[in-house]
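Raw entry.txt, compact mmCIF, C-alpha atoms and all ligand atoms:
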```txt
# COMPACT_ATOMS: atom_id res chain seq x y z
CA MET A 1 0.00 0.00 0.00
CA SER A 2 1.30 3.46 -0.91
CA ASN A 3 2.29 5.79 1.94
CA LYS A 4 2.42 8.85 -0.21
CA GLU A 5 -0.95 10.17 0.80
CA ILE A 6 -2.74 10.65 4.13
CA VAL A 7 -6.50 10.27 3.70
CA THR A 8 -8.89 11.58 6.33
CA ARG A 9 -12.67 11.93 6.34
CA LYS A 10 -15.16 14.09 8.18
CA SER A 11 -17.60 11.19 8.61
CA LEU A 12 -17.68 7.49 7.85
CA ILE A 13 -21.05 5.80 8.46
CA TYR A 14 -23.95 6.74 6.19
CA LYS A 15 -27.32 5.42 5.01
CA THR A 16 -26.97 3.84 1.58
CA ALA A 17 -29.35 3.95 -1.37
CA VAL A 18 -28.24 0.47 -2.53
CA GLU A 19 -31.43 -1.61 -2.58
CA TYR A 20 -30.42 -4.34 -0.14
CA GLY A 21 -28.32 -2.01 2.02
CA ASP A 22 -29.04 -0.18 5.26
CA TYR A 23 -26.07 1.71 6.73
CA THR A 24 -22.58 1.36 5.31
CA LEU A 25 -19.05 2.70 5.49
CA ASN A 26 -16.00 2.78 3.23
CA HIS A 27 -12.80 2.96 5.25
CA VAL A 28 -10.58 2.60 2.18
CA VAL A 29 -10.23 4.87 -0.86
CA GLY A 30 -9.67 2.85 -4.03
CA CYS A 31 -9.59 -0.91 -4.56
CA SER A 32 -6.73 -3.12 -5.72
CA HIS A 33 -9.17 -5.65 -7.22
CA GLY A 34 -9.59 -3.27 -10.17
CA CYS A 35 -12.70 -4.94 -11.60
CA LYS A 36 -13.34 -4.36 -15.29
CA TYR A 37 -17.11 -5.03 -15.53
CA PRO A 38 -16.80 -1.91 -15.07
CA CYS A 39 -16.75 -1.03 -11.34
CA TYR A 40 -19.43 1.55 -10.45
CA ALA A 41 -17.43 2.89 -7.48
CA TYR A 42 -14.44 3.48 -9.78
CA MET A 43 -16.61 5.26 -12.37
CA MET A 44 -18.08 7.54 -9.68
CA ALA A 45 -14.67 8.28 -8.11
CA LYS A 46 -13.37 9.21 -11.56
CA ARG A 47 -16.41 11.30 -12.48
CA PHE A 48 -16.24 13.29 -9.22
CA LYS A 49 -12.46 13.69 -9.63
CA LYS A 50 -11.62 11.82 -6.41
CA ILE A 51 -9.04 9.85 -8.41
CA ASP A 52 -7.14 10.56 -11.63
CA SER A 53 -6.67 7.14 -13.18
CA TYR A 54 -7.21 3.38 -12.94
CA GLU A 55 -3.69 3.08 -11.43
CA ASP A 56 -4.71 5.62 -8.81
CA TRP A 57 -7.88 3.60 -8.06
CA THR A 58 -5.99 0.32 -7.72
CA THR A 59 -3.58 1.84 -5.16
CA PRO A 60 -5.72 1.71 -2.02
CA HIS A 61 -5.44 4.09 0.95
CA LEU A 62 -6.89 3.37 4.36
CA VAL A 63 -8.81 6.29 5.84
CA ASP A 64 -6.42 7.34 8.61
CA ASN A 65 -9.00 8.60 11.08
CA THR A 66 -11.31 5.54 10.74
CA PHE A 67 -11.29 4.56 14.44
CA GLU A 68 -11.51 8.11 15.69
CA LEU A 69 -14.68 8.57 13.60
CA LEU A 70 -16.09 5.18 14.61
CA SER A 71 -15.78 5.96 18.31
CA LYS A 72 -18.07 8.95 17.74
CA GLU A 73 -20.41 7.47 15.13
CA LEU A 74 -21.11 3.96 16.50
CA PRO A 75 -22.75 5.25 19.73
CA LYS A 76 -24.63 7.87 17.71
CA TYR A 77 -26.09 5.46 15.12
CA LYS A 78 -26.45 2.27 17.19
CA GLU A 79 -30.27 2.53 17.57
CA LYS A 80 -30.82 3.32 13.89
CA ILE A 81 -28.62 0.72 12.24
CA HIS A 82 -30.19 -2.63 11.41
CA THR A 83 -27.15 -3.81 9.42
CA LEU A 84 -23.80 -2.11 8.83
CA HIS A 85 -22.48 -3.18 5.44
CA LEU A 86 -18.77 -3.39 4.55
CA CYS A 87 -18.47 -2.13 1.81
CA PHE A 88 -20.24 -0.79 -1.29
CA SER A 89 -17.43 1.45 -2.66
CA THR A 90 -14.33 -0.58 -1.87
CA ASP A 91 -13.50 -4.12 -0.70
CA PRO A 92 -13.01 -4.85 3.04
CA TYR A 93 -10.89 -7.99 2.52
CA MET A 94 -8.72 -6.79 -0.35
CA TYR A 95 -6.65 -9.72 -1.59
CA GLY A 96 -3.05 -9.52 -0.32
CA TYR A 97 -3.63 -6.36 1.77
CA ASN A 98 -3.35 -7.59 5.36
CA GLU A 99 -3.50 -4.15 6.90
CA ILE A 100 -6.88 -3.50 5.26
CA CYS A 101 -8.19 -6.96 6.22
CA LYS A 102 -7.16 -6.49 9.87
CA CYS A 103 -8.72 -3.05 9.95
CA SER A 104 -12.02 -4.44 8.59
CA THR A 105 -12.10 -7.17 11.24
CA ARG A 106 -11.48 -4.54 13.93
CA ILE A 107 -14.36 -2.44 12.59
CA ILE A 108 -16.70 -5.45 12.77
CA GLU A 109 -15.55 -6.16 16.35
CA LYS A 110 -16.21 -2.58 17.37
CA ALA A 111 -19.64 -2.48 15.73
CA ASN A 112 -20.59 -5.76 17.41
CA VAL A 113 -19.67 -4.30 20.82
CA PHE A 114 -22.48 -1.79 20.24
CA GLY A 115 -24.85 -4.63 19.28
CA ILE A 116 -24.65 -3.65 15.60
CA LYS A 117 -24.85 -6.53 13.13
CA CYS A 118 -22.41 -6.39 10.21
CA SER A 119 -22.75 -7.69 6.69
CA VAL A 120 -19.59 -8.20 4.67
CA LEU A 121 -19.10 -8.56 0.91
CA THR A 122 -15.72 -9.30 -0.63
CA LYS A 123 -13.88 -10.64 -3.65
CA GLY A 124 -11.03 -11.48 -1.28
CA ILE A 125 -10.60 -14.23 1.32
CA LEU A 126 -12.77 -14.11 4.43
CA PRO A 127 -10.58 -14.96 7.44
CA VAL A 128 -11.68 -17.96 9.50
CA GLU A 129 -11.33 -15.83 12.69
CA LEU A 130 -14.64 -14.22 11.74
CA ALA A 131 -16.32 -17.40 12.99
CA LYS A 132 -15.39 -16.37 16.54
CA MET A 133 -17.42 -13.17 16.26
CA PRO A 134 -21.15 -12.94 17.11
CA LYS A 135 -23.22 -15.17 14.83
CA GLN A 136 -25.55 -12.29 13.94
CA ASN A 137 -23.02 -11.14 11.29
CA GLU A 138 -23.47 -12.15 7.64
CA TYR A 139 -20.47 -12.99 5.42
CA GLY A 140 -20.62 -12.83 1.66
CA ILE A 141 -18.47 -13.18 -1.45
CA THR A 142 -19.05 -12.30 -5.08
CA VAL A 143 -19.08 -15.19 -7.57
CA ILE A 144 -19.97 -14.34 -11.17
CA THR A 145 -18.07 -17.25 -12.72
CA LEU A 146 -16.19 -20.45 -11.89
CA ASP A 147 -13.81 -19.88 -14.82
CA GLU A 148 -10.50 -18.61 -13.46
CA ASN A 149 -9.46 -17.14 -16.84
CA PHE A 150 -12.62 -15.02 -17.01
CA ARG A 151 -12.17 -14.10 -13.32
CA LYS A 152 -8.65 -12.81 -14.10
CA GLU A 153 -9.98 -10.79 -17.01
CA MET A 154 -12.84 -9.22 -15.02
CA GLU A 155 -11.46 -9.10 -11.47
CA PRO A 156 -7.69 -8.97 -12.07
CA GLY A 157 -6.58 -8.14 -8.53
CA ALA A 158 -9.17 -10.22 -6.66
CA ALA A 159 -8.78 -13.64 -5.04
CA PRO A 160 -9.04 -16.83 -7.12
CA ILE A 161 -12.63 -18.12 -7.12
CA ASN A 162 -11.89 -21.47 -5.48
CA GLU A 163 -10.04 -19.86 -2.56
CA ARG A 164 -12.89 -17.40 -2.13
CA ILE A 165 -15.54 -20.15 -2.06
CA GLU A 166 -13.55 -22.43 0.24
CA ALA A 167 -13.03 -19.61 2.79
CA LEU A 168 -16.78 -18.97 2.73
CA ARG A 169 -17.52 -22.68 3.09
CA ALA A 170 -15.23 -22.84 6.15
CA LEU A 171 -17.25 -20.06 7.82
CA SER A 172 -20.50 -21.81 6.90
CA GLU A 173 -19.28 -25.07 8.43
CA LEU A 174 -18.45 -23.15 11.62
CA GLY A 175 -22.06 -21.97 11.87
CA CYS A 176 -21.86 -18.51 10.28
CA TYR A 177 -24.60 -17.04 8.06
CA THR A 178 -23.11 -16.95 4.55
CA TRP A 179 -24.22 -15.48 1.25
CA VAL A 180 -23.13 -15.06 -2.35
CA SER A 181 -23.66 -12.14 -4.68
CA ILE A 182 -23.90 -13.36 -8.30
CA GLU A 183 -23.60 -9.85 -9.65
CA PRO A 184 -22.85 -8.43 -12.18
CA TYR A 185 -23.84 -11.51 -14.18
CA PRO A 186 -22.61 -11.40 -17.82
CA THR A 187 -24.48 -12.24 -21.02
CA PRO A 188 -23.19 -15.21 -23.11
CA ASN A 189 -21.55 -12.93 -25.72
CA ILE A 190 -19.27 -11.73 -22.90
CA HIS A 191 -18.81 -15.14 -21.34
CA GLU A 192 -20.58 -18.40 -22.08
CA GLN A 193 -21.10 -20.43 -18.92
CA ASP A 194 -23.56 -22.64 -17.07
CA LEU A 195 -25.30 -20.79 -14.24
CA GLN A 196 -26.42 -24.13 -12.78
CA GLN A 197 -22.79 -25.10 -12.13
CA ILE A 198 -22.26 -21.90 -10.14
CA LEU A 199 -25.46 -22.49 -8.14
CA ASN A 200 -24.50 -26.11 -7.39
CA ARG A 201 -21.07 -25.02 -6.18
CA ILE A 202 -22.50 -22.52 -3.67
CA SER A 203 -25.50 -24.53 -2.53
CA PHE A 204 -24.24 -24.45 1.10
CA VAL A 205 -24.98 -20.71 1.54
CA ASN A 206 -27.92 -19.14 3.37
CA LYS A 207 -28.67 -16.44 0.80
CA ILE A 208 -28.05 -15.65 -2.88
CA ILE A 209 -28.30 -12.23 -4.48
CA PHE A 210 -28.57 -12.22 -8.26
CA GLY A 211 -28.17 -9.18 -10.51
CA ARG A 212 -27.47 -8.44 -14.14
CA LEU A 213 -24.48 -6.66 -15.59
CA HIS A 214 -25.04 -2.93 -16.20
CA TYR A 215 -22.89 -0.20 -17.77
CA ASN A 216 -21.41 -2.53 -20.39
CA LYS A 217 -22.38 -1.96 -24.03
CA LEU A 218 -21.82 -5.62 -24.92
CA VAL A 219 -24.94 -6.50 -22.90
CA SER A 220 -27.25 -4.47 -25.15
CA GLN A 221 -25.55 -6.01 -28.19
CA TYR A 222 -26.72 -9.43 -27.05
CA ARG A 223 -30.07 -10.07 -28.72
CA ASN A 224 -32.86 -10.72 -26.24
CA HIS A 225 -30.59 -9.98 -23.29
CA GLN A 226 -33.61 -9.21 -21.07
CA GLU A 227 -35.08 -12.63 -21.82
CA PHE A 228 -31.71 -14.13 -20.92
CA PHE A 229 -31.63 -12.32 -17.55
CA ASN A 230 -35.27 -13.27 -16.90
CA ARG A 231 -34.44 -16.92 -17.50
CA CYS A 232 -31.39 -16.74 -15.24
CA ALA A 233 -33.31 -14.99 -12.46
CA LYS A 234 -36.06 -17.63 -12.59
CA GLN A 235 -33.42 -20.36 -12.46
CA VAL A 236 -31.92 -18.75 -9.33
CA ILE A 237 -35.37 -18.43 -7.70
CA ALA A 238 -36.25 -22.08 -8.43
CA PHE A 239 -32.88 -23.26 -7.12
CA CYS A 240 -33.19 -21.23 -3.92
CA GLU A 241 -36.77 -22.32 -3.28
CA ASN A 242 -35.87 -25.98 -3.80
CA ASN A 243 -32.86 -25.71 -1.50
CA HIS A 244 -34.38 -23.46 1.21
CA ILE A 245 -31.97 -20.62 0.44
CA ASP A 246 -32.99 -16.97 0.92
CA TYR A 247 -32.72 -14.91 -2.25
CA HIS A 248 -32.96 -11.41 -3.64
CA ILE A 249 -33.17 -10.54 -7.34
CA LYS A 250 -31.80 -7.06 -8.02
CA THR A 251 -34.10 -4.48 -9.57
CA GLY A 252 -33.96 -4.44 -13.37
CA THR A 253 -32.84 -8.07 -13.61
CA LEU A 254 -36.25 -9.78 -13.80
CA ILE A 255 -38.40 -7.30 -15.70
CA GLU A 256 -41.41 -9.59 -16.23
CA ALA A 257 -42.06 -9.84 -12.49
CA GLU A 258 -42.09 -6.04 -12.11
CA LYS A 259 -44.96 -5.46 -14.59
S1 LIG B 1 -14.05 -5.33 -5.65
FE1 LIG B 1 -15.81 -3.95 -5.77
S2 LIG B 1 -14.99 -1.92 -5.32
FE2 LIG B 1 -13.25 -3.24 -5.79
S3 LIG B 1 -12.89 -2.86 -7.98
FE3 LIG B 1 -14.20 -4.69 -7.78
S4 LIG B 1 -16.30 -3.91 -7.97
FE4 LIG B 1 -14.95 -2.15 -7.54
```

Write out the structure in this file as structure tokens.
Amino acid sequence: MSNKEIVTRKSLIYKTAVEYGDYTLNHVVGCSHGCKYPCYAYMMAKRFKKIDSYEDWTTPHLVDNTFELLSKELPKYKEKIHTLHLCFSTDPYMYGYNEICKCSTRIIEKANVFGIKCSVLTKGILPVELAKMPKQNEYGITVITLDENFRKEMEPGAAPINERIEALRALSELGCYTWVSIEPYPTPNIHEQDLQQILNRISFVNKIIFGRLHYNKLVSQYRNHQEFFNRCAKQVIAFCENNHIDYHIKTGTLIEAEK
């Protein structure tokens, strides 16, 4: 991690507009995973001139006053927060960045002290120590493919898929609530794959979130892409219902059901 810049914030915890989110925080600026779907957080950071380039984005900086802010904000928000999500605009368990991973675990510990449940989403490796924390927390990973070549193309700095899934499985076997975000799911002209294989591989989880790929012109070039996403969403719903798994289909993915 680069030391060239000290990053501080005036506040950390905020209410998110993300549809399955409640309160959230981003204690890191940038993300070494450098996803190419493209990454919405990267596009926004670039648009609002918070970063200059992709290289800038993939050089993460911890927010230096994270714990100072948390000691003020956790007592203030503890009655309002149902779930504190880490993170929507960076990754809390950035692959190969131990300092960031340790900091994220400390944040969860501190939130739990105030009785605040945390939800975590990563494309890194969830540490097994999380199983020692209160079982109210929810641990998730993103899985949009089982193909490691496609993973490297789309999520170049993130953890290999198998490692990611096995770390999640370990937490599940230790009694933690686990979930998978299959988002942003690609159309076959971007990558041809069998969704059923992905579902079978993650059948041990408690919840699946499924969402289509946005902001990529190749999707609209795929004829009948909405029908494709409708079919996929229905496949996810059927799988979850048959296997007693909670699910959430992101808005705009299953259009038929919204009419
Ligand atoms: S892991 Fe998330 S925040 Fe990081 S680059 Fe990928 S999509 Fe963006």

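Within 8 Å of the point (-27.7, 3.8, 6.0), and counting only C-alpha atoms, the protein, DNA and RNA residues are Ile13, Tyr14, Lys15, Thr16, Ala17, Gly21, Asp22, Tyr23, Thr24, Ile81 and Leu84 of chain A.
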
List all protein, DNA and RNA residues that have any atom at most 12 Å from ligand LIG 1 (chain B), counting all atoms listed in the file, and write the list as a CSV table (one decimal) with C-alpha atoms, in the frame of the given file.
```csv
chain,number,residue,atom,x,y,z
A,26,ASN,CA,-16.0,2.8,3.2
A,27,HIS,CA,-12.8,3.0,5.2
A,28,VAL,CA,-10.6,2.6,2.2
A,29,VAL,CA,-10.2,4.9,-0.9
A,30,GLY,CA,-9.7,2.8,-4.0
A,31,CYS,CA,-9.6,-0.9,-4.6
A,32,SER,CA,-6.7,-3.1,-5.7
A,33,HIS,CA,-9.2,-5.6,-7.2
A,34,GLY,CA,-9.6,-3.3,-10.2
A,35,CYS,CA,-12.7,-4.9,-11.6
A,36,LYS,CA,-13.3,-4.4,-15.3
A,37,TYR,CA,-17.1,-5.0,-15.5
A,38,PRO,CA,-16.8,-1.9,-15.1
A,39,CYS,CA,-16.8,-1.0,-11.3
A,40,TYR,CA,-19.4,1.6,-10.4
A,41,ALA,CA,-17.4,2.9,-7.5
A,42,TYR,CA,-14.4,3.5,-9.8
A,43,MET,CA,-16.6,5.3,-12.4
A,44,MET,CA,-18.1,7.5,-9.7
A,45,ALA,CA,-14.7,8.3,-8.1
A,54,TYR,CA,-7.2,3.4,-12.9
A,55,GLU,CA,-3.7,3.1,-11.4
A,56,ASP,CA,-4.7,5.6,-8.8
A,57,TRP,CA,-7.9,3.6,-8.1
A,58,THR,CA,-6.0,0.3,-7.7
A,59,THR,CA,-3.6,1.8,-5.2
A,60,PRO,CA,-5.7,1.7,-2.0
A,86,LEU,CA,-18.8,-3.4,4.6
A,87,CYS,CA,-18.5,-2.1,1.8
A,88,PHE,CA,-20.2,-0.8,-1.3
A,89,SER,CA,-17.4,1.4,-2.7
A,90,THR,CA,-14.3,-0.6,-1.9
A,91,ASP,CA,-13.5,-4.1,-0.7
A,92,PRO,CA,-13.0,-4.8,3.0
A,93,TYR,CA,-10.9,-8.0,2.5
A,94,MET,CA,-8.7,-6.8,-0.4
A,95,TYR,CA,-6.6,-9.7,-1.6
A,120,VAL,CA,-19.6,-8.2,4.7
A,121,LEU,CA,-19.1,-8.6,0.9
A,122,THR,CA,-15.7,-9.3,-0.6
A,123,LYS,CA,-13.9,-10.6,-3.6
A,124,GLY,CA,-11.0,-11.5,-1.3
A,125,ILE,CA,-10.6,-14.2,1.3
A,141,ILE,CA,-18.5,-13.2,-1.4
A,142,THR,CA,-19.0,-12.3,-5.1
A,143,VAL,CA,-19.1,-15.2,-7.6
A,144,ILE,CA,-20.0,-14.3,-11.2
A,151,ARG,CA,-12.2,-14.1,-13.3
A,152,LYS,CA,-8.6,-12.8,-14.1
A,153,GLU,CA,-10.0,-10.8,-17.0
A,154,MET,CA,-12.8,-9.2,-15.0
A,155,GLU,CA,-11.5,-9.1,-11.5
A,156,PRO,CA,-7.7,-9.0,-12.1
A,157,GLY,CA,-6.6,-8.1,-8.5
A,158,ALA,CA,-9.2,-10.2,-6.7
A,159,ALA,CA,-8.8,-13.6,-5.0
A,181,SER,CA,-23.7,-12.1,-4.7
A,183,GLU,CA,-23.6,-9.8,-9.6
A,184,PRO,CA,-22.8,-8.4,-12.2
A,213,LEU,CA,-24.5,-6.7,-15.6
```

message: With distances taken over all atoms listed in the file, which residue among A:Ser220, A:Asn243, A:Thr145, A:Gln136 lies nearest Gln193 in chain A?
response: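 Residue with the minimum atom-to-atom distance to Gln193 in chain A: A:Thr145.
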
task: With all atoms listed in the file counted, which protein, DNA or RNA residues have an atom no more than 12 Å from (-23.4, -1.2, 15.2) in the file frame? Please answer as number ranges by chain.
output: A: 13, 22-25, 70-86, 107-119, 136-137

Expected file contents, prior selection, C-alpha atoms, as a CSV table (one decimal), in the frame of the given file:
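Wrote again_39.csv, looks like this:
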```csv
chain,number,residue,atom,x,y,z
A,13,ILE,CA,-21.0,5.8,8.5
A,22,ASP,CA,-29.0,-0.2,5.3
A,23,TYR,CA,-26.1,1.7,6.7
A,24,THR,CA,-22.6,1.4,5.3
A,25,LEU,CA,-19.0,2.7,5.5
A,70,LEU,CA,-16.1,5.2,14.6
A,71,SER,CA,-15.8,6.0,18.3
A,72,LYS,CA,-18.1,9.0,17.7
A,73,GLU,CA,-20.4,7.5,15.1
A,74,LEU,CA,-21.1,4.0,16.5
A,75,PRO,CA,-22.8,5.2,19.7
A,76,LYS,CA,-24.6,7.9,17.7
A,77,TYR,CA,-26.1,5.5,15.1
A,78,LYS,CA,-26.4,2.3,17.2
A,79,GLU,CA,-30.3,2.5,17.6
A,80,LYS,CA,-30.8,3.3,13.9
A,81,ILE,CA,-28.6,0.7,12.2
A,82,HIS,CA,-30.2,-2.6,11.4
A,83,THR,CA,-27.2,-3.8,9.4
A,84,LEU,CA,-23.8,-2.1,8.8
A,85,HIS,CA,-22.5,-3.2,5.4
A,86,LEU,CA,-18.8,-3.4,4.6
A,107,ILE,CA,-14.4,-2.4,12.6
A,108,ILE,CA,-16.7,-5.4,12.8
A,109,GLU,CA,-15.6,-6.2,16.4
A,110,LYS,CA,-16.2,-2.6,17.4
A,111,ALA,CA,-19.6,-2.5,15.7
A,112,ASN,CA,-20.6,-5.8,17.4
A,113,VAL,CA,-19.7,-4.3,20.8
A,114,PHE,CA,-22.5,-1.8,20.2
A,115,GLY,CA,-24.8,-4.6,19.3
A,116,ILE,CA,-24.6,-3.6,15.6
A,117,LYS,CA,-24.8,-6.5,13.1
A,118,CYS,CA,-22.4,-6.4,10.2
A,119,SER,CA,-22.8,-7.7,6.7
A,136,GLN,CA,-25.6,-12.3,13.9
A,137,ASN,CA,-23.0,-11.1,11.3
```

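Closest approach to Val18 in chain A among A:Ser53, A:Asn200, A:Thr251, A:Asn189 is made by A:Thr251 (distances from all atoms listed in the file).
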
Residues within 10 Å of Phe204 in chain A, all atoms listed in the file, excluding chain neighbours under 3 positions, as a ChimeraX atom specification: /A:168-169,172-173,178-179,199-201,207,243,245

Would you output that residue set with C-alpha atoms, as a CSV table (one decimal), in the coordinates of the input?
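Result file again_14.csv:
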```
chain,number,residue,atom,x,y,z
A,168,LEU,CA,-16.8,-19.0,2.7
A,169,ARG,CA,-17.5,-22.7,3.1
A,172,SER,CA,-20.5,-21.8,6.9
A,173,GLU,CA,-19.3,-25.1,8.4
A,178,THR,CA,-23.1,-17.0,4.6
A,179,TRP,CA,-24.2,-15.5,1.2
A,199,LEU,CA,-25.5,-22.5,-8.1
A,200,ASN,CA,-24.5,-26.1,-7.4
A,201,ARG,CA,-21.1,-25.0,-6.2
A,207,LYS,CA,-28.7,-16.4,0.8
A,243,ASN,CA,-32.9,-25.7,-1.5
A,245,ILE,CA,-32.0,-20.6,0.4
```

As JSON: centre and edge lengths in Å, one decimal, of the axis-aligned box holding range 39-52 of chain A with 3 Å per side:
```
{"center_x": -13.3, "center_y": 6.3, "center_z": -9.4, "size_x": 18.3, "size_y": 20.7, "size_z": 12.1}
```

message: I'd like the contact shell of Leu171 in chain A - 12 Å cut-off, all atoms listed in the file, skipping same-chain residues fewer than 6 positions apart - returned as an MDAnalysis selection string.
response: chainID A and resid 125:133 135 137:141 164:165 177:179 204:206

A:Glu5, A:Gly96, A:Cys103, A:Lys10 ranked by distance to His61 in chain A, top pick (using only C-alpha atoms):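 When distances to His61 in chain A are compared using only C-alpha atoms, the smallest one comes from A:Glu5.
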